[in-house]
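Q: See data-v2.csv below, with CSV, C-alpha atoms and all ligand atoms.
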chain,number,residue,atom,x,y,z
A,1,MET,CA,92.0,79.1,113.6
A,2,ILE,CA,90.2,82.2,112.4
A,3,THR,CA,91.5,84.3,109.5
A,4,VAL,CA,89.8,87.5,108.5
A,5,ASP,CA,91.3,89.3,105.6
A,6,GLY,CA,90.0,92.6,104.3
A,7,LEU,CA,86.5,91.9,105.6
A,8,ARG,CA,84.1,94.6,104.3
A,9,LYS,CA,80.4,94.7,104.8
A,10,VAL,CA,78.1,97.2,103.2
A,11,TYR,CA,74.4,97.6,103.9
A,12,GLY,CA,72.9,99.7,101.1
A,13,ASP,CA,75.1,102.7,101.1
A,14,PHE,CA,76.3,102.2,104.7
A,15,VAL,CA,79.6,100.7,105.5
A,16,ALA,CA,79.2,98.6,108.6
A,17,VAL,CA,82.7,97.1,108.5
A,18,HIS,CA,85.4,98.8,106.4
A,19,GLY,CA,88.0,96.1,105.7
A,20,SER,CA,89.1,94.3,108.9
A,21,THR,CA,92.1,92.0,108.9
A,22,PHE,CA,93.1,89.8,111.9
A,23,ASP,CA,93.9,86.2,112.9
A,24,VAL,CA,93.0,84.3,115.9
A,25,GLU,CA,95.3,81.5,117.0
A,26,PRO,CA,94.1,78.1,118.3
A,27,GLY,CA,93.4,78.2,122.0
A,28,GLU,CA,93.4,82.0,122.1
A,29,ILE,CA,90.7,84.2,123.6
A,30,PHE,CA,90.3,87.1,121.3
A,31,GLY,CA,88.2,90.2,122.2
A,32,VAL,CA,86.4,92.5,119.8
A,33,VAL,CA,85.6,95.7,121.6
A,34,GLY,CA,83.8,98.8,120.6
A,35,PRO,CA,80.9,101.2,121.2
A,36,ASN,CA,77.4,100.7,119.8
A,37,GLY,CA,77.4,100.4,116.0
A,38,ALA,CA,81.1,99.8,115.7
A,39,GLY,CA,80.6,96.7,113.7
A,40,LYS,CA,81.2,94.0,116.2
A,41,THR,CA,78.0,92.0,115.6
A,42,THR,CA,78.4,92.3,111.9
A,43,THR,CA,82.0,90.9,112.2
A,44,LEU,CA,80.9,88.0,114.4
A,45,LYS,CA,77.9,87.1,112.3
A,46,THR,CA,80.2,87.0,109.3
A,47,LEU,CA,82.4,84.6,111.1
A,48,ALA,CA,79.4,82.5,112.1
A,49,GLY,CA,78.4,82.3,108.4
A,50,LEU,CA,75.2,84.2,109.0
A,51,ILE,CA,76.2,87.2,106.9
A,52,GLU,CA,78.0,87.1,103.6
A,53,PRO,CA,80.9,89.6,103.4
A,54,THR,CA,80.6,92.3,100.7
A,55,ALA,CA,84.4,91.8,100.2
A,56,GLY,CA,87.3,90.0,101.8
A,57,THR,CA,87.7,86.5,103.1
A,58,VAL,CA,86.8,84.9,106.4
A,59,GLU,CA,87.9,81.4,107.4
A,60,VAL,CA,87.0,79.4,110.4
A,61,ALA,CA,88.9,76.2,111.3
A,62,GLY,CA,90.4,76.1,107.8
A,63,ALA,CA,87.1,76.4,105.8
A,64,PRO,CA,85.3,79.5,104.5
A,65,ALA,CA,82.8,80.9,107.0
A,66,GLY,CA,79.4,79.5,106.3
A,67,ASP,CA,80.8,76.4,104.6
A,68,PRO,CA,79.2,73.1,105.7
A,69,GLU,CA,82.6,72.0,107.0
A,70,THR,CA,82.4,74.6,109.7
A,71,ARG,CA,79.2,73.1,111.0
A,72,THR,CA,80.7,70.9,113.7
A,73,ALA,CA,83.6,73.3,114.3
A,74,LEU,CA,81.7,76.3,115.4
A,75,GLY,CA,79.5,77.3,118.3
A,76,PHE,CA,77.8,80.7,118.1
A,77,LEU,CA,76.2,82.7,120.9
A,78,PRO,CA,74.1,85.5,119.5
A,79,GLU,CA,73.7,88.8,121.3
A,80,GLU,CA,70.1,88.1,121.9
A,81,SER,CA,69.4,84.5,122.7
A,82,PRO,CA,65.6,84.0,123.0
A,83,LEU,CA,65.0,80.4,124.0
A,84,TYR,CA,62.0,78.1,123.6
A,85,GLU,CA,60.2,79.2,126.7
A,86,ASP,CA,58.1,76.0,127.2
A,87,MET,CA,61.1,73.7,127.1
A,88,THR,CA,63.3,73.0,130.1
A,89,ALA,CA,67.1,73.5,129.9
A,90,ARG,CA,67.7,69.8,129.5
A,91,SER,CA,65.0,69.2,126.8
A,92,TYR,CA,66.1,72.4,125.0
A,93,LEU,CA,69.8,71.3,124.9
A,94,ARG,CA,68.8,67.7,123.8
A,95,PHE,CA,66.8,69.2,121.0
A,96,PHE,CA,69.8,71.1,119.7
A,97,ALA,CA,72.1,68.1,120.2
A,98,ASP,CA,69.6,66.1,118.0
A,99,LEU,CA,69.8,68.8,115.3
A,100,TYR,CA,73.6,68.3,115.3
A,101,GLU,CA,73.0,64.5,115.2
A,102,VAL,CA,75.0,64.0,118.4
A,103,PRO,CA,74.5,60.4,119.6
A,104,ARG,CA,72.1,60.5,122.6
A,105,GLU,CA,74.6,59.1,125.2
A,106,THR,CA,77.3,61.6,124.2
A,107,ALA,CA,74.7,64.4,124.1
A,108,ASN,CA,73.5,63.6,127.6
A,109,ARG,CA,77.0,63.5,129.0
A,110,ARG,CA,78.0,66.7,127.2
A,111,ILE,CA,74.9,68.5,128.4
A,112,GLU,CA,75.2,67.5,132.0
A,113,THR,CA,78.9,68.4,132.0
A,114,ALA,CA,78.1,71.9,130.6
A,115,LEU,CA,75.3,72.4,133.0
A,116,ASP,CA,77.5,71.2,136.0
A,117,ASP,CA,80.3,73.5,134.9
A,118,LEU,CA,78.0,76.4,134.5
A,119,GLU,CA,76.4,75.6,137.9
A,120,LEU,CA,73.0,75.7,136.3
A,121,GLU,CA,70.1,75.2,138.8
A,122,HIS,CA,66.5,74.4,137.8
A,123,ARG,CA,67.4,72.2,134.9
A,124,ASP,CA,63.9,70.9,134.6
A,125,ARG,CA,62.1,74.2,135.1
A,126,ARG,CA,60.4,75.9,132.1
A,127,LEU,CA,62.9,78.3,130.5
A,128,GLY,CA,60.2,81.0,130.5
A,129,ASP,CA,60.3,80.9,134.2
A,130,VAL,CA,64.1,81.2,134.8
A,131,SER,CA,66.3,84.3,135.4
A,132,LYS,CA,68.1,86.2,132.6
A,133,GLY,CA,71.5,84.9,133.9
A,134,MET,CA,70.3,81.3,133.7
A,135,LYS,CA,68.9,81.8,130.2
A,136,ARG,CA,72.3,83.1,129.1
A,137,LYS,CA,74.0,80.1,130.7
A,138,VAL,CA,71.6,77.8,128.8
A,139,ALA,CA,72.4,79.7,125.6
A,140,ILE,CA,76.2,79.2,126.3
A,141,ALA,CA,75.5,75.5,127.0
A,142,ARG,CA,73.7,75.3,123.6
A,143,SER,CA,76.8,76.6,121.9
A,144,LEU,CA,78.7,73.6,123.3
A,145,VAL,CA,76.4,70.7,122.4
A,146,ASN,CA,78.3,70.0,119.2
A,147,ASP,CA,81.6,70.2,121.0
A,148,PRO,CA,83.0,72.8,118.6
A,149,ASP,CA,86.6,73.9,118.5
A,150,VAL,CA,85.7,77.6,117.9
A,151,LEU,CA,83.3,79.6,120.0
A,152,ILE,CA,82.0,82.9,118.8
A,153,TYR,CA,80.2,84.8,121.5
A,154,ASP,CA,78.4,88.1,120.9
A,155,GLU,CA,78.5,90.0,124.2
A,156,PRO,CA,78.3,86.8,126.4
A,157,ALA,CA,77.8,88.9,129.5
A,158,SER,CA,75.1,91.2,128.0
A,159,GLY,CA,72.5,92.2,130.7
A,160,LEU,CA,74.1,90.1,133.4
A,161,ASP,CA,74.9,91.2,137.0
A,162,PRO,CA,78.5,91.6,137.9
A,163,LEU,CA,78.7,88.3,139.7
A,164,THR,CA,77.3,86.3,136.8
A,165,THR,CA,79.4,88.4,134.4
A,166,ASN,CA,82.5,87.3,136.2
A,167,TYR,CA,81.3,83.8,136.3
A,168,VAL,CA,80.7,83.7,132.5
A,169,LEU,CA,84.1,85.3,131.8
A,170,GLU,CA,85.8,82.8,134.0
A,171,TYR,CA,84.0,80.0,132.2
A,172,VAL,CA,85.2,81.4,128.9
A,173,ARG,CA,88.7,81.3,130.2
A,174,ALA,CA,88.2,77.7,131.3
A,175,LEU,CA,86.9,76.8,127.8
A,176,ALA,CA,90.1,78.2,126.3
A,177,ASP,CA,92.2,76.4,128.8
A,178,ALA,CA,90.5,73.2,127.6
A,179,GLY,CA,91.6,74.0,124.1
A,180,LYS,CA,88.7,75.9,122.6
A,181,THR,CA,89.4,79.0,120.5
A,182,VAL,CA,87.1,81.8,121.7
A,183,LEU,CA,86.3,85.1,120.0
A,184,PHE,CA,83.9,87.4,121.8
A,185,SER,CA,82.6,90.9,121.6
A,186,ALA,CA,82.1,93.3,124.5
A,187,HIS,CA,81.4,97.0,125.0
A,188,ASN,CA,84.3,97.8,127.1
A,189,LEU,CA,87.9,96.7,127.8
A,190,TYR,CA,87.2,96.2,131.5
A,191,HIS,CA,85.3,93.0,130.8
A,192,VAL,CA,87.9,91.6,128.4
A,193,GLU,CA,91.2,92.7,130.0
A,194,SER,CA,91.3,89.9,132.5
A,195,VAL,CA,90.5,87.1,130.1
A,196,CYS,CA,91.6,88.1,126.5
A,197,ASP,CA,94.9,87.2,125.1
A,198,ARG,CA,94.5,89.8,122.4
A,199,VAL,CA,92.0,92.5,121.5
A,200,VAL,CA,90.9,94.6,118.6
A,201,ILE,CA,89.1,97.9,119.3
A,202,MET,CA,86.6,98.9,116.6
A,203,ASN,CA,85.1,102.3,116.0
A,204,GLU,CA,82.7,103.2,113.2
A,205,GLY,CA,83.5,100.0,111.3
A,206,ARG,CA,87.3,100.2,111.6
A,207,ILE,CA,89.9,98.6,113.8
A,208,VAL,CA,91.5,101.4,115.6
A,209,ALA,CA,93.7,99.5,118.1
A,210,ARG,CA,94.9,95.9,118.3
A,211,GLY,CA,97.2,93.7,120.3
A,212,THR,CA,97.6,92.4,123.8
A,213,VAL,CA,96.2,94.7,126.4
A,214,GLU,CA,99.8,95.6,127.3
A,215,GLU,CA,100.6,96.5,123.7
A,216,ILE,CA,97.5,98.6,123.4
A,217,ARG,CA,98.3,100.4,126.6
A,218,ALA,CA,101.9,101.0,125.4
A,219,GLU,CA,100.8,102.3,122.0
A,220,HIS,CA,97.7,104.3,123.0
A,221,GLY,CA,98.1,105.0,126.7
A,222,GLU,CA,99.9,107.8,128.5
A,223,THR,CA,102.1,107.8,131.5
A,224,SER,CA,102.2,110.8,133.8
A,225,TYR,CA,104.4,111.5,136.8
A,226,ARG,CA,103.2,113.5,139.9
A,227,VAL,CA,106.3,115.0,141.4
A,228,PHE,CA,106.2,116.3,145.0
A,229,THR,CA,108.9,118.8,146.1
A,230,THR,CA,109.7,120.8,149.2
A,231,VAL,CA,110.0,124.1,147.2
A,232,PRO,CA,107.9,125.5,144.4
A,233,VAL,CA,109.0,124.4,140.9
A,234,GLU,CA,107.7,125.2,137.4
A,235,GLY,CA,104.0,124.4,137.1
A,236,SER,CA,103.7,123.2,140.7
A,237,GLU,CA,100.8,123.8,143.0
A,238,PRO,CA,100.8,123.8,146.8
A,239,ASP,CA,99.8,120.4,148.2
A,240,GLY,CA,99.7,120.5,152.0
A,241,ASP,CA,103.2,121.4,153.1
A,242,ARG,CA,104.6,120.3,149.8
A,243,HIS,CA,104.4,121.3,146.1
A,244,ARG,CA,103.0,119.1,143.3
A,245,ALA,CA,103.7,119.2,139.6
A,246,VAL,CA,102.5,116.8,136.9
A,247,VAL,CA,104.7,116.1,133.9
A,248,GLY,CA,104.7,113.5,131.1
A,249,SER,CA,108.3,112.2,130.9
A,250,MET,CA,111.2,111.2,133.1
A,251,ASP,CA,113.3,113.9,131.5
A,252,ALA,CA,110.8,116.5,132.8
A,253,VAL,CA,111.0,114.8,136.2
A,254,GLU,CA,114.8,115.3,136.2
A,255,ASP,CA,114.3,119.0,135.2
A,256,LEU,CA,112.0,119.5,138.2
A,257,ARG,CA,114.6,117.8,140.4
A,258,ALA,CA,117.3,120.1,139.2
A,259,GLN,CA,115.0,123.1,139.8
A,260,ALA,CA,114.2,122.0,143.3
A,261,THR,CA,117.9,121.4,144.1
A,262,ASP,CA,118.8,124.9,142.7
A,263,ALA,CA,116.2,126.4,144.9
A,264,GLY,CA,117.6,124.6,148.0
A,265,GLY,CA,114.9,122.0,148.1
A,266,GLU,CA,114.4,118.4,146.9
A,267,VAL,CA,112.0,115.9,145.3
A,268,VAL,CA,110.4,113.9,148.1
A,269,ASP,CA,108.0,111.7,146.1
A,270,ILE,CA,107.2,110.7,142.5
A,271,ARG,CA,104.0,108.9,141.7
A,272,THR,CA,103.6,107.2,138.3
A,273,ARG,CA,100.1,107.0,136.7
A,274,GLU,CA,99.3,105.0,133.6
A,275,SER,CA,96.1,105.5,131.5
A,276,THR,CA,93.4,103.1,132.6
A,277,LEU,CA,92.1,100.8,129.9
A,278,GLU,CA,88.8,102.5,130.2
A,279,GLU,CA,90.5,105.8,129.4
A,280,ILE,CA,92.3,104.3,126.4
A,281,PHE,CA,89.0,102.9,125.2
A,282,LEU,CA,87.1,106.1,125.6
A,283,ASP,CA,90.0,107.9,123.7
A,284,VAL,CA,90.4,105.6,120.7
A,285,ALA,CA,86.8,104.5,120.4
A,286,GLY,CA,85.4,107.9,121.1
A,287,ARG,CA,87.2,109.8,118.3
A,288,PRO,CA,85.2,110.6,115.3
A,289,MET,CA,86.7,108.7,112.3
A,290,ALA,CA,87.9,110.5,109.2
A,291,GLY,CA,85.5,109.9,106.3
A,292,SER,CA,81.9,109.0,106.2
A,293,ARG,CA,80.4,105.5,106.5
A,294,ARG,CA,78.1,106.4,103.6
A,295,ILE,CA,79.2,105.4,100.2
A,296,ASP,CA,77.9,105.4,96.7
A,297,ALA,CA,76.6,101.8,96.8
A,298,ALA,CA,77.0,101.4,93.1
A,299,ALA,CA,80.6,102.4,93.3
A,300,ASP,CA,81.1,99.7,95.9
A,301,GLY,CA,80.3,97.4,93.1
A,302,ALA,CA,77.8,95.1,94.6
A,303,PRO,CA,74.1,94.9,94.1
A,304,GLY,CA,74.5,92.0,96.6
A,305,ALA,CA,75.8,94.5,99.1
A,306,THR,CA,72.3,95.9,99.5
A,307,ASP,CA,70.3,94.1,102.2
A,308,ALA,CA,69.2,96.9,104.3
A,309,ALA,CA,65.6,95.6,103.9
A,310,ASP,CA,66.3,92.6,106.0
A,311,GLY,CA,68.8,92.7,108.8
A,312,GLU,CA,67.5,89.7,110.7
A,313,GLY,CA,67.3,86.9,108.2
A,314,GLY,CA,68.8,83.7,109.4
A,315,ASP,CA,70.3,84.9,112.6
A,316,SER,CA,67.5,83.9,115.0
A,317,ALA,CA,68.7,82.1,118.1
A,318,GLU,CA,66.3,79.4,117.2
A,319,SER,CA,67.7,78.8,113.8
A,320,PRO,CA,68.7,75.1,113.5
A,321,PRO,CA,72.4,74.5,113.2
A,322,GLU,CA,72.1,74.0,109.5
A,323,ALA,CA,71.3,77.7,109.2
A,324,THR,CA,74.7,78.6,110.7
A,325,ALA,CA,76.5,75.8,109.0
A,326,ASP,CA,75.6,75.5,105.4
A,327,GLY,CA,74.8,79.1,104.8
A,328,GLY,CA,71.0,78.6,104.8
A,329,GLY,CA,69.3,81.7,105.9
A,330,ARG,CA,72.4,83.9,105.4
A,331,GLU,CA,72.0,87.5,104.9
A,332,PRO,CA,73.1,88.4,101.4
B,1,LIG,N1,71.0,94.6,108.3
B,1,LIG,C1,71.4,95.9,108.4
B,1,LIG,N2,71.0,96.8,107.6
B,1,LIG,C2,71.5,98.1,107.7
B,1,LIG,N3,72.4,98.5,108.6
B,1,LIG,C3,72.8,97.6,109.5
B,1,LIG,C4,72.4,96.2,109.5
B,1,LIG,N4,73.0,95.5,110.5
B,1,LIG,C5,73.8,96.4,111.1
B,1,LIG,N5,73.7,97.6,110.5
B,1,LIG,C6,74.4,98.8,110.9
B,1,LIG,O1,75.8,98.6,110.9
B,1,LIG,C7,76.4,99.2,112.0
B,1,LIG,C8,77.2,98.2,112.8
B,1,LIG,O2,76.3,97.3,113.4
B,1,LIG,P1,76.7,96.2,114.4
B,1,LIG,O3,75.5,95.5,114.9
B,1,LIG,O4,77.7,95.3,113.8
B,1,LIG,O5,77.4,97.0,115.6
B,1,LIG,P2,77.9,96.6,117.0
B,1,LIG,O6,79.3,97.1,117.2
B,1,LIG,O7,77.6,95.1,117.2
B,1,LIG,O8,76.9,97.4,117.9
B,1,LIG,P3,76.2,97.1,119.3
B,1,LIG,O9,77.3,97.2,120.4
B,1,LIG,O10,75.2,98.2,119.5
B,1,LIG,O11,75.6,95.7,119.3
B,1,LIG,C9,75.4,99.9,112.8
B,1,LIG,O12,75.3,101.2,112.4
B,1,LIG,C10,74.1,99.2,112.4
B,1,LIG,O13,73.0,100.1,112.4
Transcribe the structure of this file into C-alpha cells.
Ligand SMILES: Nc1ncnc2c1ncn2[C@@H]1O[C@H](COP(=O)(O)OP(=O)(O)OP(=O)(O)O)[C@@H](O)[C@H]1O
A:
Amino acid sequence: MITVDGLRKVYGDFVAVHGSTFDVEPGEIFGVVGPNGAGKTTTLKTLAGLIEPTAGTVEVAGAPAGDPETRTALGFLPEESPLYEDMTARSYLRFFADLYEVPRETANRRIETALDDLELEHRDRRLGDVSKGMKRKVAIARSLVNDPDVLIYDEPASGLDPLTTNYVLEYVRALADAGKTVLFSAHNLYHVESVCDRVVIMNEGRIVARGTVEEIRAEHGETSYRVFTTVPVEGSEPDGDRHRAVVGSMDAVEDLRAQATDAGGEVVDIRTRESTLEEIFLDVAGRPMAGSRRIDAAADGAPGATDAADGEGGDSAESPPEATADGGGREP
C-alpha cells in the first residue's frame, strides 16, 4: 500500500533522510520511531506529497506520492494541527468534506460516526475554546472525511495526556481493524509497541532498526540471567543469605551451576531479563552515526535539493486537500 524505495531528502547541504527503503502492507499499522531530527516528519511529508524527494521513489496506494490519484486515498495528520478557531468541530469538518467534494449526506454521516467513535464532546463549541486533546481528535476526524484507505499520522499523540494518548492509539488500532493502512510517527517505542505491526527506528536520517517489535528485540536486545546460588561462584556478590551473579548466556549459567556443585552448593534460582524496548531504542537511536549529515550539495546533484529557505511551504494544517493531493504547495 506504501512503497518507499531509496528515499533521500537533502535540504541545502544537509541530508535529512539518507535513502530509506520500506513497504507498508494493506491494513498494517507501521510505526516510524526516532529522536528529534531523525527524519520522521520529512519521511511522512514526502509520503503525503508535501515534500518532493531529492532521490528515490515513494508510492501510496499504487500512485506516486503527490499524484492527484492519491487525493482520495490519503488522510494526513500533521504534527501541528492548528484549526480554524472560530469554527465548531462540525462546521470545520463539513468545510473539509466540501473541499473533498463529499456529498453532504455522506459527509454528515461520516463526520458524526468519526465524532462518535472519538467520543468527541462539545461538537458545537468554538474550536478556539476546546482542549488540546479535543483539538487533536478533531484533526484526526478531519483526516477521515474523505474516507481514505491510507492514513499518515505525524505524532498523533503529541502533547496529549496518557489517557487521551491511549485512546488515540486504540482508535488507530480500530481504524486498521476496519481495513485502513496506518503509518504513524512517534518519539518512543513505548507508544507504538502495543499497536504497531512493524516499526522502523530512524536515527540521524537513517533507518537503524526494522521489523516487528519481537524481531527488533531479538536483533538488538540483550538477555541476561541473574543466577542465585547457595555458595560463592565466579563474579557473584552476596545477596541476603544467597549469592547472585549476572551472566549473558545459558552456557555461562551452566558454568556457574557446575562451580556451585563443585563447591558443595547449588543454584536455587535463575531470573531472566530481556532489554526493554525503551533500552533498545535508547541504544540504537542514541548512537552517533558514522559520517556527517552535511554534504557538498553540488555533489548531491540537485539544485532542486536546496530549499532550506522555506521549510513550511504547503504543509499548513489549513491547506486545502488539493495541496496534499495534486502537489500544489509542495516543498521543492
Ligand atoms: N525545510 C527544512 N530545511 C532545512 N532543514 C530541515 C527542513 N526540514 C527539516 N529539516 C531538518 O531535517 C532534519 C530532520 O527533520 P524532521 O522534522 O524530519 O525530523 P523528525 O524526526 O520529525 O524530528 P522531530 O521528532 O523533532 O519532529 C532536522 O535536522 C531538521 O532540522
Q: Check the smallest atom-to-atom distance from each of A:Gly211, A:Gly179, A:Gly235, A:Pro156 to Gly27 of chain A using only C-alpha atoms, then report the winner.
A: A:Gly179
Q: Which residue out of A:Arg293, A:Arg109, A:Arg257, A:Arg125 has the minimum interatomic distance to ligand LIG 1 (chain B) when all atoms listed in the file are used?
A: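 Looking only at the distances to ligand LIG 1 (chain B), the closest residue turns out to be A:Arg293.
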Q: Atom CA of Glu266 of chain A to atom CA of Val231 of chain A: how many Å, to one decimal?
A: 7.2 Å
Q: What gap, in Å, lies between atom P1 of ligand LIG 1 (chain B) and atom CA of Glu69 of chain A?
A: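 Result for atom P1 of ligand LIG 1 (chain B) versus atom CA of Glu69 of chain A: 26.0 Å, one decimal.
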Q: A:Ala174, A:Leu115, A:Ala38, A:Ile2: which is nearest ligand LIG 1 (chain B), counting only C-alpha atoms and all ligand atoms?
A: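 The answer is A:Ala38, which sits nearest to ligand LIG 1 (chain B).
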